[in-house]
Each structure stands twice: as C-alpha cells, then as structure tokens.
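S.K.: What follows is target-v6.tsv; its format and atoms are TSV, C-alpha atoms.
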chain	number	residue	atom	x	y	z
A	1	MET	CA	-180.02	98.46	71.34
A	2	LEU	CA	-179.62	99.25	75.04
A	3	ARG	CA	-177.29	97.09	77.16
A	4	GLN	CA	-180.33	95.88	79.12
A	5	ASP	CA	-182.06	94.87	75.88
A	6	LYS	CA	-178.93	93.05	74.69
A	7	SER	CA	-178.57	91.06	77.91
A	8	GLY	CA	-182.31	90.31	77.90
A	9	MET	CA	-182.09	89.09	74.31
A	10	ILE	CA	-179.17	86.82	75.19
A	11	TYR	CA	-180.91	85.37	78.27
A	12	ALA	CA	-184.21	84.73	76.47
A	13	THR	CA	-182.55	83.29	73.35
A	14	LEU	CA	-180.42	80.96	75.47
A	15	ALA	CA	-183.54	79.83	77.38
A	16	TYR	CA	-185.43	78.90	74.22
A	17	PHE	CA	-182.28	77.33	72.73
A	18	LEU	CA	-181.95	75.06	75.78
A	19	TRP	CA	-185.67	74.20	75.68
A	20	GLY	CA	-185.23	73.26	72.02
A	21	LEU	CA	-182.33	70.94	72.89
A	22	LEU	CA	-184.23	69.11	75.67
A	23	PRO	CA	-185.07	66.14	73.40
A	24	ILE	CA	-181.35	65.30	73.37
A	25	TYR	CA	-181.36	65.20	77.17
A	26	TRP	CA	-184.42	62.94	77.48
A	27	LYS	CA	-183.11	60.62	74.77
A	28	LEU	CA	-180.16	59.86	77.09
A	29	VAL	CA	-182.57	58.04	79.42
A	30	ASP	CA	-185.03	56.69	76.83
A	31	ARG	CA	-184.85	53.21	78.40
A	32	VAL	CA	-186.42	54.59	81.60
A	33	PRO	CA	-190.27	54.74	81.54
A	34	ALA	CA	-191.60	58.25	80.89
A	35	ILE	CA	-193.64	58.27	84.13
A	36	GLU	CA	-190.50	57.45	86.13
A	37	ILE	CA	-188.52	60.21	84.38
A	38	LEU	CA	-191.36	62.61	85.21
A	39	ALA	CA	-191.26	61.61	88.89
A	40	HIS	CA	-187.51	62.26	89.01
A	41	ARG	CA	-187.95	65.55	87.16
A	42	VAL	CA	-190.51	66.75	89.70
A	43	VAL	CA	-188.50	65.67	92.76
A	44	TRP	CA	-185.13	67.01	91.60
A	45	SER	CA	-186.67	70.24	90.29
A	46	PHE	CA	-188.12	70.81	93.75
A	47	VAL	CA	-184.77	70.03	95.39
A	48	PHE	CA	-182.91	72.32	92.97
A	49	MET	CA	-185.36	75.21	93.37
A	50	SER	CA	-185.46	74.86	97.17
A	51	ALA	CA	-181.65	74.97	97.28
A	52	LEU	CA	-181.68	78.01	95.00
A	53	VAL	CA	-184.17	79.84	97.23
A	54	ILE	CA	-181.92	79.17	100.24
A	55	LEU	CA	-178.71	80.16	98.40
A	56	LEU	CA	-180.31	83.42	97.26
A	57	ARG	CA	-181.41	84.01	100.88
A	58	LYS	CA	-185.00	84.37	99.77
A	59	ASN	CA	-186.42	81.72	102.11
A	60	LYS	CA	-188.20	84.29	104.29
A	61	ALA	CA	-189.79	85.93	101.26
A	62	PHE	CA	-190.70	82.49	99.91
A	63	PHE	CA	-192.49	81.42	103.10
A	64	ARG	CA	-194.26	84.80	103.26
A	65	ASP	CA	-195.55	84.43	99.68
A	66	PHE	CA	-196.41	80.76	100.25
A	67	LYS	CA	-198.38	81.62	103.38
A	68	ALA	CA	-200.24	84.37	101.49
A	69	LEU	CA	-201.00	81.88	98.72
A	70	LEU	CA	-202.48	79.34	101.13
A	71	GLN	CA	-204.72	82.02	102.65
A	72	ASN	CA	-206.31	82.58	99.25
A	73	LYS	CA	-208.33	79.49	98.29
A	74	LYS	CA	-208.75	80.58	94.67
A	75	GLN	CA	-205.01	81.08	94.18
A	76	THR	CA	-204.17	77.85	96.01
A	77	LEU	CA	-206.54	75.92	93.74
A	78	GLY	CA	-205.11	77.70	90.70
A	79	MET	CA	-201.55	76.75	91.68
A	80	ALA	CA	-202.55	73.14	92.42
A	81	LEU	CA	-204.26	72.79	89.04
A	82	ALA	CA	-201.29	74.49	87.34
A	83	SER	CA	-199.04	71.86	88.95
A	84	ILE	CA	-201.20	69.11	87.47
A	85	MET	CA	-201.25	70.72	84.01
A	86	ILE	CA	-197.47	71.19	83.84
A	87	SER	CA	-197.00	67.59	85.04
A	88	ILE	CA	-199.27	66.34	82.24
A	89	ASN	CA	-197.34	68.51	79.78
A	90	TRP	CA	-193.96	67.21	80.98
A	91	LEU	CA	-195.12	63.58	80.90
A	92	THR	CA	-196.54	63.92	77.38
A	93	TYR	CA	-193.40	65.66	76.14
A	94	ILE	CA	-191.00	63.10	77.65
A	95	TRP	CA	-193.07	60.20	76.29
A	96	ALA	CA	-193.28	61.83	72.84
A	97	VAL	CA	-189.52	62.39	72.63
A	98	ASN	CA	-188.61	58.89	73.79
A	99	SER	CA	-191.25	57.30	71.55
A	100	ASP	CA	-189.84	59.01	68.41
A	101	HIS	CA	-192.53	61.71	68.13
A	102	VAL	CA	-190.30	64.80	68.32
A	103	VAL	CA	-191.92	66.28	65.19
A	104	GLN	CA	-195.38	65.98	66.81
A	105	ALA	CA	-193.99	67.59	69.96
A	106	SER	CA	-192.67	70.53	67.94
A	107	LEU	CA	-196.07	70.91	66.27
A	108	GLY	CA	-197.67	71.12	69.72
A	109	TYR	CA	-195.52	74.07	70.74
A	110	TYR	CA	-196.09	75.82	67.40
A	111	ILE	CA	-199.87	75.75	67.88
A	112	ASN	CA	-199.72	76.53	71.62
A	113	PRO	CA	-200.09	80.34	71.18
A	114	LEU	CA	-203.16	79.79	69.02
A	115	VAL	CA	-204.68	77.43	71.61
A	116	SER	CA	-204.03	80.15	74.20
A	117	ILE	CA	-206.04	82.56	72.02
A	118	LEU	CA	-208.94	80.10	71.96
A	119	LEU	CA	-208.79	79.63	75.75
A	120	GLY	CA	-208.81	83.40	76.17
A	121	VAL	CA	-211.98	83.63	74.09
A	122	ILE	CA	-213.74	80.75	75.86
A	123	VAL	CA	-212.67	81.41	79.46
A	124	LEU	CA	-211.78	85.11	79.65
A	125	ARG	CA	-214.37	86.28	77.11
A	126	GLU	CA	-211.68	87.99	75.05
A	127	LYS	CA	-212.61	89.13	71.54
A	128	LEU	CA	-210.71	87.94	68.48
A	129	SER	CA	-209.54	90.40	65.86
A	130	ARG	CA	-210.08	89.50	62.21
A	131	ARG	CA	-206.41	88.54	61.82
A	132	GLN	CA	-206.48	86.38	64.93
A	133	MET	CA	-209.59	84.61	63.64
A	134	VAL	CA	-207.88	83.91	60.31
A	135	SER	CA	-204.73	82.65	62.05
A	136	PHE	CA	-206.72	80.30	64.27
A	137	MET	CA	-208.71	78.93	61.31
A	138	LEU	CA	-205.53	78.31	59.29
A	139	ALA	CA	-203.95	76.41	62.19
A	140	ALA	CA	-207.12	74.35	62.62
A	141	ILE	CA	-207.10	73.50	58.90
A	142	GLY	CA	-203.45	72.45	59.22
A	143	VAL	CA	-204.23	70.07	62.11
A	144	LEU	CA	-207.30	68.68	60.32
A	145	TYR	CA	-205.31	68.15	57.13
A	146	LEU	CA	-202.67	66.19	59.02
A	147	THR	CA	-205.43	64.16	60.70
A	148	PHE	CA	-207.18	63.21	57.47
A	149	SER	CA	-203.89	62.56	55.62
A	150	TYR	CA	-202.80	59.97	58.18
A	151	GLY	CA	-206.18	58.97	59.57
A	152	VAL	CA	-204.80	59.56	63.07
A	153	PHE	CA	-205.57	62.60	65.22
A	154	PRO	CA	-202.29	64.30	66.34
A	155	TRP	CA	-203.23	63.91	70.02
A	156	ILE	CA	-199.66	64.41	71.24
A	157	SER	CA	-199.50	67.88	69.67
A	158	ILE	CA	-202.97	68.83	70.89
A	159	LEU	CA	-202.37	67.55	74.43
A	160	LEU	CA	-199.06	69.44	74.67
A	161	ALA	CA	-200.64	72.65	73.38
A	162	VAL	CA	-203.80	72.42	75.52
A	163	SER	CA	-202.02	71.41	78.75
A	164	PHE	CA	-199.49	74.24	78.39
A	165	GLY	CA	-202.22	76.67	77.39
A	166	LEU	CA	-204.27	75.74	80.48
A	167	TYR	CA	-201.11	76.01	82.59
A	168	GLY	CA	-200.57	79.58	81.36
A	169	LEU	CA	-204.22	80.43	81.93
A	170	LEU	CA	-204.13	79.09	85.51
A	171	LYS	CA	-200.90	80.96	86.23
A	172	LYS	CA	-202.75	84.20	85.46
A	173	THR	CA	-204.86	83.61	88.58
A	174	VAL	CA	-201.74	83.40	90.79
A	175	GLN	CA	-199.63	86.49	91.38
A	176	ILE	CA	-196.25	84.95	92.19
A	177	GLY	CA	-192.77	85.11	90.64
A	178	SER	CA	-191.33	82.40	88.41
A	179	VAL	CA	-188.72	81.17	90.93
A	180	PHE	CA	-191.20	80.83	93.79
A	181	GLY	CA	-193.85	79.59	91.35
A	182	LEU	CA	-191.83	76.62	90.10
A	183	THR	CA	-190.77	75.80	93.66
A	184	ILE	CA	-194.39	75.67	94.85
A	185	GLU	CA	-195.65	73.84	91.76
A	186	THR	CA	-193.10	71.06	92.21
A	187	MET	CA	-193.73	71.07	95.98
A	188	PHE	CA	-197.41	70.28	95.38
A	189	VAL	CA	-196.70	67.20	93.24
A	190	ALA	CA	-193.37	66.10	94.77
A	191	PRO	CA	-195.02	63.89	97.48
A	192	ILE	CA	-196.87	61.94	94.77
A	193	ALA	CA	-193.63	61.59	92.79
A	194	VAL	CA	-191.71	60.36	95.86
A	195	ILE	CA	-194.41	57.79	96.69
A	196	PHE	CA	-194.34	56.57	93.10
A	197	LEU	CA	-190.55	56.18	93.11
A	198	LEU	CA	-190.65	54.32	96.44
A	199	THR	CA	-193.38	51.91	95.35
A	200	THR	CA	-192.56	51.35	91.68
A	201	GLU	CA	-191.16	48.03	90.57
A	202	GLY	CA	-187.54	47.79	89.57
A	203	PRO	CA	-184.25	48.71	91.25
A	204	ALA	CA	-184.50	51.17	94.14
A	205	PHE	CA	-182.95	54.62	93.68
A	206	THR	CA	-180.03	54.33	96.10
A	207	PHE	CA	-176.65	56.06	96.35
A	208	GLU	CA	-175.21	53.29	94.23
A	209	THR	CA	-177.76	53.68	91.41
A	210	ALA	CA	-177.72	57.49	91.73
A	211	THR	CA	-174.03	57.59	90.82
A	212	THR	CA	-174.54	55.66	87.58
A	213	PRO	CA	-174.72	57.69	84.32
A	214	THR	CA	-178.52	57.17	84.17
A	215	GLY	CA	-178.94	58.15	87.82
A	216	LEU	CA	-176.90	61.33	87.38
A	217	ILE	CA	-178.92	62.31	84.30
A	218	LEU	CA	-182.18	61.80	86.23
A	219	ILE	CA	-180.87	63.94	89.10
A	220	GLY	CA	-179.74	66.55	86.59
A	221	ALA	CA	-183.33	66.81	85.32
A	222	GLY	CA	-183.91	69.33	88.10
A	223	ALA	CA	-181.25	71.69	86.76
A	224	ALA	CA	-182.29	70.98	83.15
A	225	THR	CA	-185.80	72.11	84.07
A	226	ALA	CA	-184.93	75.11	86.22
A	227	ILE	CA	-182.02	76.75	84.36
A	228	PRO	CA	-183.93	77.62	81.14
A	229	LEU	CA	-186.82	78.95	83.22
A	230	LEU	CA	-184.50	81.20	85.23
A	231	LEU	CA	-182.82	82.46	82.05
A	232	PHE	CA	-186.24	83.15	80.54
A	233	ALA	CA	-187.38	85.04	83.65
A	234	SER	CA	-184.24	87.21	83.52
A	235	GLY	CA	-184.68	87.87	79.82
A	236	ALA	CA	-188.42	88.56	79.92
A	237	ARG	CA	-187.89	91.38	82.43
A	238	ARG	CA	-185.50	93.18	80.06
A	239	ILE	CA	-187.02	92.93	76.57
A	240	PRO	CA	-190.44	93.76	75.06
A	241	LEU	CA	-193.17	91.11	74.99
A	242	SER	CA	-193.25	91.28	71.18
A	243	MET	CA	-189.62	90.11	71.06
A	244	ILE	CA	-190.48	87.22	73.39
A	245	GLY	CA	-193.31	86.41	70.98
A	246	PHE	CA	-190.84	85.91	68.13
A	247	LEU	CA	-188.23	84.05	70.18
A	248	GLN	CA	-190.74	81.48	71.50
A	249	TYR	CA	-190.73	79.74	68.11
A	250	LEU	CA	-186.99	79.05	68.36
A	251	ALA	CA	-187.56	76.02	70.64
A	252	PRO	CA	-190.07	74.11	68.43
A	253	THR	CA	-187.95	74.94	65.36
A	254	ILE	CA	-184.91	73.31	66.98
A	255	MET	CA	-187.10	70.34	67.99
A	256	LEU	CA	-188.33	69.98	64.41
A	257	ILE	CA	-184.76	70.04	63.05
A	258	LEU	CA	-183.68	67.44	65.62
A	259	GLY	CA	-186.66	65.21	64.89
A	260	VAL	CA	-186.12	65.21	61.13
A	261	PHE	CA	-182.34	65.47	60.66
A	262	VAL	CA	-180.94	63.90	63.84
A	263	TYR	CA	-183.52	61.26	64.82
A	264	GLY	CA	-184.70	60.47	61.28
A	265	GLU	CA	-188.43	60.96	61.87
A	266	VAL	CA	-190.74	61.17	58.86
A	267	PHE	CA	-191.53	64.63	57.52
A	268	SER	CA	-193.88	63.98	54.62
A	269	GLN	CA	-195.64	66.26	52.17
A	270	ALA	CA	-198.65	66.20	54.52
A	271	HIS	CA	-196.43	67.47	57.34
A	272	LEU	CA	-195.04	70.20	55.07
A	273	ILE	CA	-198.53	71.41	54.09
A	274	ALA	CA	-199.79	71.29	57.70
A	275	PHE	CA	-196.74	73.06	59.09
A	276	SER	CA	-196.87	75.66	56.30
A	277	LEU	CA	-200.47	76.48	57.21
A	278	ILE	CA	-199.52	76.78	60.89
A	279	TRP	CA	-196.41	78.88	60.14
A	280	THR	CA	-198.59	81.21	58.02
A	281	ALA	CA	-201.08	81.40	60.88
A	282	LEU	CA	-198.29	82.35	63.28
A	283	PHE	CA	-197.00	85.10	60.95
A	284	ILE	CA	-200.51	86.55	60.76
A	285	TYR	CA	-200.89	86.25	64.53
A	286	MET	CA	-197.56	87.98	65.22
A	287	GLY	CA	-198.40	90.71	62.69
A	288	SER	CA	-201.67	91.31	64.51
A	289	ALA	CA	-199.91	91.48	67.88
A	290	LEU	CA	-197.31	93.96	66.57
A	291	LYS	CA	-200.05	96.10	65.00
A	292	VAL	CA	-201.88	96.31	68.35
A	293	LYS	CA	-198.62	97.18	70.14
A	294	GLY	CA	-197.89	99.88	67.56
A	295	LYS	CA	-201.31	101.50	68.16
A	296	GLN	CA	-200.75	101.43	71.94
A	297	THR	CA	-197.39	103.23	71.68
A	298	THR	CA	-198.60	106.00	69.33
As structure tokens - that is how I would like this structure written.

M.R.:
Amino acid sequence: MLRQDKSGMIYATLAYFLWGLLPIYWKLVDRVPAIEILAHRVVWSFVFMSALVILLRKNKAFFRDFKALLQNKKQTLGMALASIMISINWLTYIWAVNSDHVVQASLGYYINPLVSILLGVIVLREKLSRRQMVSFMLAAIGVLYLTFSYGVFPWISILLAVSFGLYGLLKKTVQIGSVFGLTIETMFVAPIAVIFLLTTEGPAFTFETATTPTGLILIGAGAATAIPLLLFASGARRIPLSMIGFLQYLAPTIMLILGVFVYGEVFSQAHLIAFSLIWTALFIYMGSALKVKGKQTT
C-alpha cells in the first residue's frame, strides 16, 4: 500500500471511529435538552470552523467562494436546505442517544446508504441494478419486521437515514469543499441557534456557566463536530471510494456495541433478525459497487 493510501486509511478510520464514539460525548450532557445541545453544537461549530479558516489563512478564498455561492440562487437554496437537513439529523441523533435509543441510531446509519440509493432513483432518475434492488428489498423487510415485531415504527432510524440521505443529495448541488461547506452550513443556522439560546428559559450561558464541566463540554461540541469531518476530508482525498464504502460501517457498528454492552439497551431476537437482513443487504450492495468499479478499471 502506498504511503498516501496508508495515511488516508488512518485518517478515514479515525474519523469513523470518532463518529462512532460520539454517543459517549453526548451522554456527558444528557441532562441538557437535546434542542439546547443542538443550538450549542451549531454555534460552536461555526466559531470553530471560522477560527480554522482564519488560522489556515483561507479567509479570502472563503469569502470568494461564499460570494459565488450567493450569486447562484440554486446553490444558495441547496446549501440552506442542507443546513436544515443536517440540523434535523443532529437533533434526532442527540435526542436518540440521550433517550437511550443508541441501537436505533446505529440502525439509521446502517440503512442510510440504501436510502441514498432510493433517493437517487426517485430524484436523479438513476437505475437500480438487480443486486441493488435485492439489497434495498432486504433492508425494507428488515425494517418492516422490526416494526411488526414491536408494533412501533422505527422512526428514529428512518428519520436519521432520510435526513442524512437528503443532506448528501442536496450537497451534490453545491460545489464547495468540506471545510467551507460546514462553515457556511453552520453560518446559515447559527443566528437561529443564538436567538434560541438567548430566549430559552433556564440559566443564561455566561462566562461563569461556560467554565463549568457542562459548559465546557457544550463549547467542545464545535471541535467534536469538526475534527472527524476534517479527518474524513483528508482521508477521502487519499483512498478509493470503495474503501470509504467499507469504512463507513465502522461508526454504526461502534454505536451498536456501545448501545448494547455499555448502555444496556435491549437487543432482542427481532433486532438480530432485522439487523442480519440489513447487514446482508449491505454486503450485497457493497459487492455490487465493487463489481461496477472492477468493470470501470478493466
């Protein structure tokens, strides 16, 4: 393996490993309402990314790209909607973790690639291969089985998968790098987050409260959000997309392990059957993707 591939593998693996460990971070502030954690995450992510842009001396390039974005109404709308989708995804994820639904959250990120396939078919008019059709049907059966076994639709998993799938779809309409992209996304929703924090009931976020353990963790949410993304961006540039495809399942696997073995959430026979169907679907999906890649390189 080339040195570039090795470093890319390390960066991408570390990114997904950190994403998988995020439930531990949010559990540290589980007494804070999820909507308030989200507001802090948005504000401090924007502050962190803005500082990073300045430290990297990319502020001129950032303002140039931002100006170009605003001149294109379609891309501006796409970025604004992407900001809303990622905010919904973050809120759902934080609420799920702090409401003891880590297993459901992991399920959402397992089925996310298959939801992205469906969105590609519906919105982009992409055609499904036979293997992709089988993988999607197996995943759907898994979700339906879980629904009928418990009599409750796994809305957390579906909302996480759909919101992140729509986020990825919207990002395709905007040609902008990941660093500038996250900065602009958080910029769009930061004013709403600030207004919420200023008007919400409870103790004001002052210097005194900011220096408490809870306050420092909320401020650190910016770095906790940005660092894995930056590692992923560095890794994705150095390794093949097929390798990224395999590594992306590291995060939900870590979440599943945390949910079951650390936080003691239920993992019943119904969960095992549903997850097995979805894991089989993902193996078929990845096999299909690798087969297409093999044909393209021959």

S.K.: Excluding Leu160 of chain A and its own-chain neighbours fewer than 5 positions away, which residues fall within 10 Å of it when counting all atoms listed in the file? Please give them as an mmCIF file with C-alpha atoms, keeping the file's coordinate frame.

M.R.:
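Saved to out-v1.cif:
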data_model
loop_
_atom_site.group_PDB
_atom_site.id
_atom_site.type_symbol
_atom_site.label_atom_id
_atom_site.label_comp_id
_atom_site.auth_asym_id
_atom_site.auth_seq_id
_atom_site.Cartn_x
_atom_site.Cartn_y
_atom_site.Cartn_z
ATOM 1 C CA MET A 85 -201.250 70.720 84.010
ATOM 2 C CA ILE A 86 -197.470 71.190 83.840
ATOM 3 C CA ILE A 88 -199.270 66.340 82.240
ATOM 4 C CA ASN A 89 -197.340 68.510 79.780
ATOM 5 C CA TRP A 90 -193.960 67.210 80.980
ATOM 6 C CA LEU A 91 -195.120 63.580 80.900
ATOM 7 C CA THR A 92 -196.540 63.920 77.380
ATOM 8 C CA TYR A 93 -193.400 65.660 76.140
ATOM 9 C CA ALA A 96 -193.280 61.830 72.840
ATOM 10 C CA GLN A 104 -195.380 65.980 66.810
ATOM 11 C CA ALA A 105 -193.990 67.590 69.960
ATOM 12 C CA SER A 106 -192.670 70.530 67.940
ATOM 13 C CA LEU A 107 -196.070 70.910 66.270
ATOM 14 C CA GLY A 108 -197.670 71.120 69.720
ATOM 15 C CA TYR A 109 -195.520 74.070 70.740
ATOM 16 C CA ILE A 111 -199.870 75.750 67.880
ATOM 17 C CA ASN A 112 -199.720 76.530 71.620
ATOM 18 C CA TRP A 155 -203.230 63.910 70.020
ATOM 19 C CA GLY A 165 -202.220 76.670 77.390
#

S.K.: Counting all atoms listed in the file, select every polymer residue within 9 Å of (-191.7, 79.7, 89.2) as defined in the file's coordinates, and provide the selection as a list of chain:residue names.

M.R.: A:Met49, A:Ile176, A:Gly177, A:Ser178, A:Val179, A:Phe180, A:Gly181, A:Leu182, A:Thr183, A:Ile184, A:Glu185, A:Ala226, A:Leu229, A:Leu230, A:Ala233

S.K.: Using all atoms listed in the file, can you tell me which of A:Ser50, A:Ser135, A:Thr280, A:Thr13 comes closest to Ala251 of chain A?

M.R.: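 Ranking A:Ser50, A:Ser135, A:Thr280, A:Thr13 by distance to Ala251 of chain A, first place goes to A:Thr13.
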
S.K.: Rounded to one decimal in Å, what is the spacing between atom CA of Ala236 of chain A and atom CA of Gly168 of chain A?

M.R.: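 The value is 15.2 Å.
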
S.K.: What's around Gly120 of chain A at 8 Å? Count only C-alpha atoms, leave out sequence neighbours fewer than 5 positions away in its own chain, and write the answer as a ChimeraX atom specification.

M.R.: /A:125-126,169

S.K.: Can you tell me how far atom CA of Gly287 of chain A sits from atom CA of Ser234 of chain A, in Å to one decimal?

M.R.: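 Those two atoms sit 25.4 Å apart.
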
S.K.: Quick one: pull the distance between atom CA of His101 of chain A and atom CA of Ile156 of chain A, Å, one decimal.

M.R.: 8.2 Å

S.K.: Do you know which residues are at most 10 Å from Gln75 of chain A counting all atoms listed in the file, after dropping those on the same chain fewer than 5 positions away, and could you put them as an NGL selection string?

M.R.: :A and (68-70 or 80-81 or 170-176)

S.K.: Tell me which of A:Met187, A:Leu114, A:Val32, A:Leu256 sits closest to Ala161 of chain A, counting all atoms listed in the file.

M.R.: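 The answer is A:Leu114, which sits nearest to Ala161 of chain A.
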
S.K.: Can you tell me, as a ChimeraX atom specification, what residues are no more than 9 Å from Leu144 of chain A when counting all atoms listed in the file, ignoring any on the same chain fewer than 4 positions away?

M.R.: /A:139-140,148-149,153-154,274

S.K.: Nearest to Val97 of chain A among A:Leu128, A:Ala34, A:Leu55, A:Leu118, with distances taken over all atoms listed in the file: which residue is it?

M.R.: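 Among A:Leu128, A:Ala34, A:Leu55, A:Leu118, it is A:Ala34 that comes nearest to Val97 of chain A.
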
S.K.: Using all atoms listed in the file, which of A:Thr199, A:Thr212, A:Val262, A:Trp44 sits nearest Ile24 of chain A?

M.R.: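 For Ile24 of chain A, the nearest of the given residues is A:Val262.
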
S.K.: Which neighbours of Arg41 of chain A fall inside 9 Å, counting only C-alpha atoms, when residues of the same chain fewer than 4 positions from it are skipped, and could you give them as a PyMOL selection string?

M.R.: chain A and resi 36-37+45-46+90+193+218-222+224-225

S.K.: Using only C-alpha atoms, which of A:Gly259, A:Pro252, A:Gly8, A:Pro228 sits nearest Ser99 of chain A?

M.R.: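 Comparing A:Gly259, A:Pro252, A:Gly8, A:Pro228 against Ser99 of chain A, the winner is A:Gly259.
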